[in-house]
>>> print(open('work_15.tsv').read())   # TSV, C-alpha atoms
chain	number	residue	atom	x	y	z
U	11	MET	CA	-51.49	36.28	27.04
U	12	ASN	CA	-48.72	36.61	24.52
U	13	SER	CA	-49.92	39.51	22.42
U	14	ARG	CA	-46.86	40.05	20.26
U	15	TYR	CA	-48.79	40.02	17.01
U	16	ASP	CA	-52.14	41.54	17.98
U	17	GLU	CA	-51.46	44.85	16.33
U	18	GLN	CA	-49.97	43.35	13.17
U	19	LEU	CA	-52.92	40.99	12.88
U	20	TYR	CA	-55.43	43.81	13.31
U	21	CYS	CA	-53.71	46.05	10.75
U	22	VAL	CA	-53.41	43.32	8.12
U	23	ALA	CA	-57.04	42.28	8.62
U	24	GLU	CA	-58.21	45.90	8.48
U	25	ASP	CA	-56.32	46.48	5.22
U	26	THR	CA	-57.60	43.22	3.73
U	27	PHE	CA	-61.28	43.84	4.46
U	28	ALA	CA	-60.94	47.38	3.11
U	29	ALA	CA	-59.14	46.40	-0.08
U	30	LEU	CA	-61.07	43.24	-0.87
U	31	ALA	CA	-64.56	44.31	0.08
U	32	PHE	CA	-64.57	48.02	0.98
U	33	MET	CA	-65.42	47.11	4.58
U	34	MET	CA	-64.00	49.41	7.24
U	35	PRO	CA	-63.98	48.90	11.00
U	36	THR	CA	-66.28	51.16	12.98
U	37	ASP	CA	-65.19	52.96	16.13
U	38	GLU	CA	-67.73	51.02	18.14
U	39	GLU	CA	-66.34	49.61	21.36
U	40	THR	CA	-66.08	45.84	21.51
U	41	PRO	CA	-65.86	44.92	25.19
U	42	GLU	CA	-63.88	41.85	26.11
U	43	GLU	CA	-66.92	40.16	27.54
U	44	THR	CA	-68.80	40.34	24.25
U	45	PRO	CA	-69.43	36.73	23.23
U	46	PRO	CA	-67.62	35.74	20.07
U	47	HIS	CA	-69.74	35.89	16.94
U	48	ASP	CA	-68.46	32.56	15.77
U	49	ASP	CA	-71.28	31.80	13.39
U	50	LEU	CA	-68.72	30.49	10.98
U	51	VAL	CA	-65.05	29.65	11.50
U	52	ALA	CA	-62.36	29.00	8.91
U	53	SER	CA	-58.71	28.12	9.38
U	54	VAL	CA	-55.57	28.27	7.30
U	55	ALA	CA	-52.40	26.41	8.25
U	56	PHE	CA	-48.91	27.47	7.21
U	57	ALA	CA	-45.43	25.99	7.44
U	58	GLY	CA	-42.00	27.54	7.02
U	59	PRO	CA	-39.38	28.69	9.55
U	60	PHE	CA	-42.20	28.04	11.99
U	61	ARG	CA	-45.63	26.63	11.53
U	62	GLY	CA	-49.00	27.66	12.75
U	63	ILE	CA	-52.65	28.17	12.06
U	64	LEU	CA	-54.80	31.26	11.70
U	65	PHE	CA	-58.53	31.23	12.48
U	66	LEU	CA	-61.14	33.69	11.28
U	67	SER	CA	-64.63	33.81	12.76
U	68	VAL	CA	-67.38	35.92	11.23
U	69	SER	CA	-71.10	36.37	11.60
U	70	THR	CA	-73.31	35.14	8.78
U	71	ASP	CA	-74.46	38.70	8.04
U	72	LEU	CA	-70.88	39.73	7.44
U	73	LEU	CA	-70.36	36.68	5.25
U	74	GLY	CA	-73.04	37.77	2.77
U	75	GLU	CA	-71.79	41.33	2.51
U	76	LEU	CA	-68.19	40.21	2.16
U	77	ALA	CA	-69.03	37.99	-0.82
U	78	ALA	CA	-71.35	40.54	-2.42
U	79	ASN	CA	-68.72	43.27	-2.20
U	80	MET	CA	-65.91	41.05	-3.45
U	81	LEU	CA	-68.04	40.09	-6.44
U	82	GLY	CA	-69.27	43.64	-7.02
U	83	LEU	CA	-72.91	42.62	-6.66
U	84	GLU	CA	-75.46	45.35	-6.13
U	85	GLY	CA	-79.01	45.06	-4.88
U	86	PRO	CA	-80.67	42.83	-2.33
U	87	GLU	CA	-79.78	39.50	-3.93
U	88	GLU	CA	-77.35	37.54	-1.77
U	89	PRO	CA	-74.62	35.45	-3.34
U	90	PRO	CA	-75.20	31.69	-3.12
U	91	ILE	CA	-73.67	29.87	-0.16
U	92	ASP	CA	-70.77	28.40	-2.16
U	93	LYS	CA	-69.67	31.89	-3.22
U	94	ARG	CA	-70.06	33.18	0.35
U	95	LEU	CA	-67.87	30.41	1.72
U	96	ASP	CA	-65.37	30.87	-1.09
U	97	ALA	CA	-65.13	34.61	-0.36
U	98	PHE	CA	-64.72	33.88	3.34
U	99	ALA	CA	-61.89	31.43	2.66
U	100	GLU	CA	-60.22	33.86	0.27
U	101	ALA	CA	-60.35	36.70	2.81
U	102	LEU	CA	-58.60	34.46	5.34
U	103	ASN	CA	-56.07	33.36	2.72
U	104	VAL	CA	-55.22	36.99	1.92
U	105	ILE	CA	-54.93	37.93	5.59
U	106	CYS	CA	-52.58	35.00	6.27
U	107	GLY	CA	-50.49	35.62	3.15
U	108	ASN	CA	-50.02	39.26	4.07
U	109	LEU	CA	-49.44	38.61	7.76
U	110	LEU	CA	-46.54	36.17	7.39
U	111	PRO	CA	-44.06	38.60	5.78
U	112	VAL	CA	-45.01	41.20	8.39
U	113	ILE	CA	-44.05	38.90	11.26
U	114	ALA	CA	-41.27	36.85	9.61
U	115	GLY	CA	-39.82	39.06	6.86
U	116	THR	CA	-39.72	38.61	3.11
U	117	GLU	CA	-36.63	36.43	2.82
U	118	VAL	CA	-38.23	33.30	4.21
U	119	VAL	CA	-40.61	30.99	2.38
U	120	PHE	CA	-43.88	29.68	3.78
U	121	ASP	CA	-46.25	27.13	2.36
U	122	VAL	CA	-49.76	28.36	2.99
U	123	HIS	CA	-52.28	25.54	2.84
U	124	ALA	CA	-55.79	25.81	1.45
U	125	PRO	CA	-58.23	27.41	3.92
U	126	GLU	CA	-60.71	25.05	5.55
U	127	ILE	CA	-64.16	25.80	6.89
U	128	GLN	CA	-64.51	24.34	10.39
U	129	ALA	CA	-67.54	22.05	10.25
U	130	ASP	CA	-68.61	22.70	13.84
U	131	SER	CA	-67.94	26.45	13.64
U	132	ARG	CA	-65.46	26.32	16.50
U	133	ILE	CA	-61.75	26.54	17.00
U	134	PRO	CA	-60.77	22.93	17.82
U	135	ALA	CA	-60.34	22.37	21.56
U	136	GLU	CA	-56.81	20.96	21.15
U	137	VAL	CA	-55.78	24.27	19.55
U	138	GLU	CA	-57.82	26.58	21.73
U	139	GLN	CA	-56.17	25.24	24.91
U	140	HIS	CA	-52.96	27.02	23.82
U	141	GLU	CA	-52.35	30.73	24.15
U	142	PRO	CA	-52.76	32.50	20.82
U	143	ALA	CA	-49.70	34.33	19.51
U	144	GLY	CA	-52.03	37.05	18.34
U	145	ALA	CA	-55.69	37.96	18.37
U	146	ALA	CA	-57.77	40.72	16.83
U	147	ARG	CA	-61.40	41.70	16.70
U	148	LEU	CA	-62.81	44.01	14.05
U	149	THR	CA	-66.27	45.51	14.30
U	150	LEU	CA	-67.46	46.09	10.76
U	151	ASP	CA	-70.82	47.52	9.69
U	152	ALA	CA	-72.13	44.10	8.73
U	153	GLY	CA	-70.87	42.28	11.81
U	154	MET	CA	-67.85	41.19	13.75
U	155	ALA	CA	-64.73	39.44	12.54
U	156	GLU	CA	-62.35	37.78	14.98
U	157	LEU	CA	-58.91	36.38	14.32
U	158	ALA	CA	-56.72	34.10	16.40
U	159	LEU	CA	-53.18	33.15	15.46
U	160	PHE	CA	-51.52	30.05	16.92
U	161	ILE	CA	-47.82	29.44	16.32
U	162	ASP	CA	-45.81	26.30	16.87
U	163	ASP	CA	-42.19	27.35	17.26
U	164	GLN	CA	-40.90	24.10	15.84
U	165	PRO	CA	-39.37	24.65	12.38
U	166	ALA	CA	-41.23	22.92	9.59
U	167	ALA	CA	-39.99	21.79	6.21
U	168	VAL	CA	-41.10	23.89	3.29
U	169	THR	CA	-41.74	21.88	0.17
U	170	ASP	CA	-39.66	24.00	-2.15
U	171	SER	CA	-37.34	25.91	0.13
U	172	ALA	CA	-34.38	24.17	-1.44
U	173	ALA	CA	-35.56	24.77	-4.99
M	25	MET	CA	-57.86	43.80	-30.61
M	26	SER	CA	-59.19	41.94	-27.61
M	27	LEU	CA	-57.35	39.50	-25.39
M	28	ASN	CA	-58.32	35.90	-24.87
M	29	ILE	CA	-57.53	35.16	-21.26
M	30	LEU	CA	-57.13	32.15	-19.03
M	31	VAL	CA	-57.68	32.58	-15.29
M	32	VAL	CA	-56.29	29.76	-13.14
M	33	ASP	CA	-57.26	29.88	-9.48
M	34	ASP	CA	-58.92	27.39	-7.15
M	35	SER	CA	-61.26	30.10	-5.85
M	36	THR	CA	-64.32	30.86	-7.98
M	37	VAL	CA	-64.65	34.24	-6.29
M	38	VAL	CA	-61.06	35.15	-7.17
M	39	ARG	CA	-61.58	34.11	-10.80
M	40	LEU	CA	-64.72	36.25	-10.99
M	41	SER	CA	-62.92	39.14	-9.25
M	42	ILE	CA	-60.10	39.06	-11.80
M	43	VAL	CA	-62.52	39.10	-14.73
M	44	ARG	CA	-64.45	41.91	-13.07
M	45	ALA	CA	-61.22	43.87	-12.54
M	46	LEU	CA	-60.40	43.48	-16.24
M	47	ARG	CA	-63.78	44.95	-17.18
M	48	LEU	CA	-63.42	47.80	-14.65
M	49	ALA	CA	-59.96	48.48	-16.06
M	50	GLU	CA	-61.52	48.62	-19.54
M	51	ILE	CA	-59.23	45.94	-20.88
M	52	PRO	CA	-60.68	44.60	-24.13
M	53	VAL	CA	-61.41	40.99	-23.29
M	54	GLY	CA	-62.33	38.33	-25.83
M	55	GLU	CA	-62.78	34.75	-24.70
M	56	VAL	CA	-62.49	34.07	-20.98
M	57	HIS	CA	-61.40	30.59	-19.92
M	58	GLU	CA	-61.25	29.45	-16.33
M	59	ALA	CA	-59.44	26.61	-14.59
M	60	SER	CA	-59.24	25.68	-10.93
M	61	ASN	CA	-55.71	24.28	-10.92
M	62	GLY	CA	-52.59	24.07	-13.07
M	63	GLN	CA	-53.50	20.78	-14.67
M	64	GLU	CA	-56.87	22.11	-15.82
M	65	GLY	CA	-55.10	25.25	-17.03
M	66	LEU	CA	-52.75	23.22	-19.24
M	67	ALA	CA	-55.74	21.34	-20.65
M	68	VAL	CA	-57.41	24.62	-21.60
M	69	LEU	CA	-54.23	25.80	-23.33
M	70	LYS	CA	-54.17	22.65	-25.48
M	71	ASP	CA	-57.62	23.45	-26.87
M	72	HIS	CA	-57.73	27.26	-27.01
M	73	TRP	CA	-55.54	30.14	-28.11
M	74	VAL	CA	-54.86	32.35	-25.11
M	75	ASP	CA	-53.15	35.76	-25.15
M	76	LEU	CA	-52.70	36.20	-21.42
M	77	ILE	CA	-52.71	33.91	-18.39
M	78	PHE	CA	-53.56	34.83	-14.81
M	79	ALA	CA	-52.41	32.26	-12.27
M	80	ASP	CA	-52.43	31.67	-8.55
M	81	ILE	CA	-49.54	29.90	-6.83
M	82	ASN	CA	-51.12	27.73	-4.15
M	83	MET	CA	-53.59	25.39	-5.82
M	84	PRO	CA	-54.46	21.72	-5.42
M	85	VAL	CA	-53.47	19.04	-7.97
M	86	MET	CA	-50.89	21.25	-9.72
M	87	ASN	CA	-49.70	24.54	-8.28
M	88	GLY	CA	-48.95	27.70	-10.23
M	89	GLU	CA	-45.17	27.31	-10.27
M	90	GLU	CA	-45.38	23.83	-11.71
M	91	MET	CA	-47.90	24.96	-14.33
M	92	ILE	CA	-45.60	27.80	-15.36
M	93	LYS	CA	-42.69	25.37	-15.78
M	94	HIS	CA	-44.84	23.24	-18.11
M	95	ILE	CA	-45.96	26.31	-20.06
M	96	ARG	CA	-42.42	27.61	-20.53
M	97	ALA	CA	-41.26	24.17	-21.68
M	98	GLU	CA	-43.79	24.12	-24.51
M	99	PRO	CA	-42.64	26.10	-27.59
M	100	ALA	CA	-46.18	27.11	-28.52
M	101	TRP	CA	-46.72	28.80	-25.13
M	102	GLU	CA	-43.24	29.86	-24.05
M	103	GLU	CA	-43.88	33.51	-24.93
M	104	THR	CA	-47.43	33.70	-23.54
M	105	PRO	CA	-47.55	36.42	-20.88
M	106	ILE	CA	-48.31	35.16	-17.39
M	107	ILE	CA	-49.42	37.30	-14.48
M	108	VAL	CA	-49.27	35.62	-11.08
M	109	ILE	CA	-51.80	37.08	-8.65
M	110	SER	CA	-51.06	35.87	-5.14
M	111	THR	CA	-50.59	36.80	-1.52
M	112	GLU	CA	-47.04	35.44	-1.72
M	113	GLY	CA	-44.72	37.53	0.42
M	114	SER	CA	-41.42	35.69	-0.06
M	115	ARG	CA	-38.95	37.56	-2.27
M	116	THR	CA	-37.26	34.22	-2.97
M	117	ARG	CA	-40.37	32.73	-4.50
M	118	ILE	CA	-41.39	35.91	-6.30
M	119	GLU	CA	-37.95	36.21	-7.90
M	120	ARG	CA	-38.15	32.59	-9.01
M	121	LEU	CA	-41.49	33.32	-10.71
M	122	GLU	CA	-40.08	36.41	-12.36
M	123	GLN	CA	-37.09	34.43	-13.63
M	124	ALA	CA	-39.61	32.11	-15.27
M	125	GLY	CA	-40.98	35.11	-17.11
M	126	ALA	CA	-44.07	35.74	-15.02
M	127	ARG	CA	-45.15	39.11	-13.69
M	128	PHE	CA	-46.26	39.28	-10.09
M	129	VAL	CA	-49.26	41.17	-8.71
M	130	HIS	CA	-49.84	41.09	-4.99
M	131	LYS	CA	-53.28	40.41	-3.50
M	132	PRO	CA	-55.36	42.37	-2.77
M	133	PHE	CA	-55.10	44.10	-6.14
M	134	SER	CA	-56.89	46.96	-7.82
M	135	PRO	CA	-58.16	47.20	-11.42
M	136	GLU	CA	-55.65	50.03	-11.92
M	137	THR	CA	-52.75	47.73	-11.03
M	138	ILE	CA	-54.03	45.09	-13.41
M	139	ARG	CA	-54.39	47.65	-16.18
M	140	GLU	CA	-50.89	48.98	-15.59
M	141	VAL	CA	-49.28	45.53	-15.71
M	142	ILE	CA	-51.23	44.42	-18.78
M	143	ASN	CA	-50.32	47.63	-20.55
M	144	GLU	CA	-46.64	47.13	-19.74
M	145	ILE	CA	-46.80	43.59	-21.12
M	146	THR	CA	-48.99	44.10	-24.17
M	147	GLY	CA	-49.30	47.84	-24.78
M	148	ILE	CA	-52.97	47.20	-25.41
M	149	CYS	CA	-54.25	50.20	-23.44
M	150	HIS	CA	-52.08	52.48	-25.54
M	151	GLU	CA	-53.44	50.84	-28.69
M	152	GLN	CA	-56.96	51.65	-27.54
M	153	GLN	CA	-56.15	55.34	-27.20
M	154	VAL	CA	-54.63	55.61	-30.69
>>> encode(input="work_15.tsv", output="structure tokens")
Amino acid sequence: MNSRYDEQLYCVAEDTFAALAFMMPTDEETPEETPPHDDLVASVAFAGPFRGILFLSVSTDLLGELAANMLGLEGPEEPPIDKRLDAFAEALNVICGNLLPVIAGTEVVFDVHAPEIQADSRIPAEVEQHEPAGAARLTLDAGMAELALFIDDQPAAVTDSAA
Amino acid sequence: MSLNILVVDDSTVVRLSIVRALRLAEIPVGEVHEASNGQEGLAVLKDHWVDLIFADINMPVMNGEEMIKHIRAEPAWEETPIIVISTEGSRTRIERLEQAGARFVHKPFSPETIREVINEITGICHEQQV
């Protein structure tokens, strides 16, 4: 597997969960054979000097805590599902936005598309058949978060790169 | 004095997080208006006096850069402070926003950062202490 960006992906995701929602990874071992906790999957596509797509899978338990922490909610009441999905999408958006300059530098311009929740909670088969350019798994108190980055090396037009 | 603010972002959670950060930063906030894209943001500005605008860049219908161009082209709003809160990492795009008179705050942000930027723009935190 091409693991060029595993470490960068892990570090950016770790920083994002900590800063957005005060969620830190535990030291708990996450063996390779652990089945993915893909209770919910979201994706965000990007295009610039190269294009690609980043997937984030989280457990539903993690989803509730992520939204509650981002909104500063206290107590047992869980945020409604629309807020949970919105928080999930925003976490992925922030991870992607912070990852791109780490792997491509700050001089280039990327268009980052709106995150999408995958209806069937899976990475599409046509994407998954390719080797990811990076992968990371974070074990947080509330559950597991997994990331997979797929890159297409073909350059893509950026809508305002000439502006 | 309190600030009437407009928060333009397609994420409800982000809009709520910004308003929450303002309260945690003890910024005196008056009316809070929200919009989920640039076009809605411009519509709010037509109907309400706003002292400070928070805007995202990537939004559907009308993105933040386009909204800022419209705002700066309108004499009534050309001096209104704009703070762009985004994950944008491209210096090229950030410099273009700054040339349009917007301040840039990188996501994720802290209430302290928001307070610092608002104070630099408006001096309102200093006013509170006097």
>>> interface_residues(input="work_15.tsv", of="chain M", to="chain U", cutoff="7 Å", atoms="only C-alpha atoms", output="short mmCIF file (atom, residue, chain, number, x, y, z; two decimals) with C-alpha atoms, in the coordinates of the input")
data_model
loop_
_atom_site.label_atom_id
_atom_site.label_comp_id
_atom_site.auth_asym_id
_atom_site.auth_seq_id
_atom_site.Cartn_x
_atom_site.Cartn_y
_atom_site.Cartn_z
CA SER M 35 -61.26 30.10 -5.85
CA THR M 36 -64.32 30.86 -7.98
CA VAL M 37 -64.65 34.24 -6.29
CA LEU M 40 -64.72 36.25 -10.99
CA SER M 41 -62.92 39.14 -9.25
CA THR M 111 -50.59 36.80 -1.52
CA GLU M 112 -47.04 35.44 -1.72
CA GLY M 113 -44.72 37.53 0.42
CA SER M 114 -41.42 35.69 -0.06
CA ARG M 115 -38.95 37.56 -2.27
CA THR M 116 -37.26 34.22 -2.97
CA LYS M 131 -53.28 40.41 -3.50
CA PRO M 132 -55.36 42.37 -2.77
#
>>> residues_around(input="work_15.tsv", residues="segment 50-64 of chain M", least_positions_apart="5", cutoff="10 Å", atoms="all atoms listed in the file", output="number ranges by chain")
M: 25-36, 39-40, 43-45, 69, 72-75, 77-92, 94-95, 135-136, 138-139, 142-143, 148-149, 152
>>> atom_distance(input="work_15.tsv", atom1="atom CA of Glu102 of chain M", atom2="atom CA of Ala124 of chain M")
9.8 Å
>>> residues_near_point(input="work_15.tsv", point="(-61.4, 24.9, 15.3)", cutoff="12 Å", atoms="all atoms listed in the file", output="ChimeraX atom specification")
/U:48,50-55,63-67,126-139,157-160
>>> atom_distance(input="work_15.tsv", atom1="atom CA of Ile106 of chain M", atom2="atom CA of Gly125 of chain M")
7.3 Å
>>> atom_distance(input="work_15.tsv", atom1="atom CA of Phe128 of chain M", atom2="atom CA of Val141 of chain M")
8.9 Å
>>> residues_near_point(input="work_15.tsv", point="(-64.1, 42.8, 14.3)", cutoff="10 Å", atoms="all atoms listed in the file", output="ChimeraX atom specification")
/U:20,23-24,34-36,38,40,46-47,67-69,146-157
>>> closest_residue(input="work_15.tsv", among="M:Ile109, M:Ile118, M:Ala126, M:Ile145", to="Val38 of chain M", atoms="only C-alpha atoms")
M:Ile109
>>> closest_residue(input="work_15.tsv", among="M:Gln123, M:Arg117, M:Ile107, M:Ala67", to="Ile42 of chain M", atoms="all atoms listed in the file")
M:Ile107
>>> closest_residue(input="work_15.tsv", among="M:Arg127, M:Ala49, M:Glu122, M:Lys70", to="Ala100 of chain M", atoms="all atoms listed in the file")
M:Lys70
>>> decode(input="work_15.tsv", residues="segment 75-96 of chain U", atoms="N, CA, C and O atoms", output="mmCIF file, in the first residue's frame")
data_model
loop_
_atom_site.group_PDB
_atom_site.id
_atom_site.type_symbol
_atom_site.label_atom_id
_atom_site.label_comp_id
_atom_site.auth_asym_id
_atom_site.auth_seq_id
_atom_site.Cartn_x
_atom_site.Cartn_y
_atom_site.Cartn_z
ATOM 1 N N GLU U 75 -21.322 12.613 20.221
ATOM 2 C CA GLU U 75 -20.404 13.375 21.074
ATOM 3 C C GLU U 75 -19.713 14.491 20.289
ATOM 4 O O GLU U 75 -19.494 15.586 20.804
ATOM 5 N N LEU U 76 -19.380 14.178 19.049
ATOM 6 C CA LEU U 76 -18.743 15.190 18.196
ATOM 7 C C LEU U 76 -19.639 16.426 18.081
ATOM 8 O O LEU U 76 -19.188 17.565 18.296
ATOM 9 N N ALA U 77 -20.913 16.194 17.762
ATOM 10 C CA ALA U 77 -21.838 17.328 17.590
ATOM 11 C C ALA U 77 -22.052 18.056 18.907
ATOM 12 O O ALA U 77 -22.041 19.298 18.953
ATOM 13 N N ALA U 78 -22.242 17.294 19.990
ATOM 14 C CA ALA U 78 -22.491 17.923 21.291
ATOM 15 C C ALA U 78 -21.310 18.800 21.703
ATOM 16 O O ALA U 78 -21.483 19.926 22.179
ATOM 17 N N ASN U 79 -20.110 18.300 21.499
ATOM 18 C CA ASN U 79 -18.928 19.079 21.875
ATOM 19 C C ASN U 79 -18.746 20.297 20.976
ATOM 20 O O ASN U 79 -18.378 21.373 21.451
ATOM 21 N N MET U 80 -18.996 20.131 19.689
ATOM 22 C CA MET U 80 -18.837 21.276 18.791
ATOM 23 C C MET U 80 -19.837 22.381 19.128
ATOM 24 O O MET U 80 -19.555 23.562 18.964
ATOM 25 N N LEU U 81 -21.020 21.968 19.594
ATOM 26 C CA LEU U 81 -22.053 22.948 19.916
ATOM 27 C C LEU U 81 -21.975 23.410 21.363
ATOM 28 O O LEU U 81 -22.726 24.294 21.775
ATOM 29 N N GLY U 82 -21.088 22.787 22.144
ATOM 30 C CA GLY U 82 -20.949 23.180 23.544
ATOM 31 C C GLY U 82 -22.127 22.746 24.393
ATOM 32 O O GLY U 82 -22.454 23.388 25.390
ATOM 33 N N LEU U 83 -22.789 21.658 23.999
ATOM 34 C CA LEU U 83 -23.941 21.181 24.765
ATOM 35 C C LEU U 83 -23.463 20.377 25.964
ATOM 36 O O LEU U 83 -22.505 19.614 25.869
ATOM 37 N N GLU U 84 -24.162 20.546 27.073
ATOM 38 C CA GLU U 84 -23.824 19.771 28.263
ATOM 39 C C GLU U 84 -25.058 18.972 28.675
ATOM 40 O O GLU U 84 -26.175 19.372 28.377
ATOM 41 N N GLY U 85 -24.834 17.889 29.369
ATOM 42 C CA GLY U 85 -25.964 17.073 29.804
ATOM 43 C C GLY U 85 -26.238 15.942 28.845
ATOM 44 O O GLY U 85 -25.576 15.802 27.817
ATOM 45 N N PRO U 86 -27.249 15.140 29.191
ATOM 46 C CA PRO U 86 -27.480 13.901 28.440
ATOM 47 C C PRO U 86 -28.168 14.114 27.091
ATOM 48 O O PRO U 86 -28.191 13.215 26.256
ATOM 49 N N GLU U 87 -28.750 15.285 26.886
ATOM 50 C CA GLU U 87 -29.523 15.489 25.659
ATOM 51 C C GLU U 87 -28.629 15.456 24.423
ATOM 52 O O GLU U 87 -27.628 16.177 24.353
ATOM 53 N N GLU U 88 -28.995 14.609 23.476
ATOM 54 C CA GLU U 88 -28.214 14.488 22.243
ATOM 55 C C GLU U 88 -28.692 15.504 21.217
ATOM 56 O O GLU U 88 -29.890 15.789 21.138
ATOM 57 N N PRO U 89 -27.791 16.038 20.428
ATOM 58 C CA PRO U 89 -28.230 16.942 19.369
ATOM 59 C C PRO U 89 -29.099 16.188 18.360
ATOM 60 O O PRO U 89 -28.933 14.984 18.179
ATOM 61 N N PRO U 90 -30.013 16.891 17.704
ATOM 62 C CA PRO U 90 -30.842 16.223 16.689
ATOM 63 C C PRO U 90 -29.982 15.707 15.538
ATOM 64 O O PRO U 90 -28.854 16.169 15.345
ATOM 65 N N ILE U 91 -30.531 14.800 14.771
ATOM 66 C CA ILE U 91 -29.757 14.120 13.729
ATOM 67 C C ILE U 91 -29.199 15.097 12.701
ATOM 68 O O ILE U 91 -28.063 14.928 12.222
ATOM 69 N N ASP U 92 -29.946 16.145 12.361
ATOM 70 C CA ASP U 92 -29.435 17.079 11.345
ATOM 71 C C ASP U 92 -28.177 17.783 11.838
ATOM 72 O O ASP U 92 -27.235 18.002 11.078
ATOM 73 N N LYS U 93 -28.138 18.106 13.122
ATOM 74 C CA LYS U 93 -26.945 18.759 13.687
ATOM 75 C C LYS U 93 -25.782 17.764 13.766
ATOM 76 O O LYS U 93 -24.622 18.132 13.567
ATOM 77 N N ARG U 94 -26.104 16.503 14.071
ATOM 78 C CA ARG U 94 -25.039 15.491 14.143
ATOM 79 C C ARG U 94 -24.399 15.290 12.777
ATOM 80 O O ARG U 94 -23.176 15.217 12.647
ATOM 81 N N LEU U 95 -25.237 15.215 11.754
ATOM 82 C CA LEU U 95 -24.697 15.026 10.395
ATOM 83 C C LEU U 95 -23.933 16.262 9.938
ATOM 84 O O LEU U 95 -22.898 16.165 9.261
ATOM 85 N N ASP U 96 -24.445 17.417 10.302
ATOM 86 C CA ASP U 96 -23.781 18.676 9.940
ATOM 87 C C ASP U 96 -22.400 18.758 10.599
ATOM 88 O O ASP U 96 -21.406 19.145 9.964
#
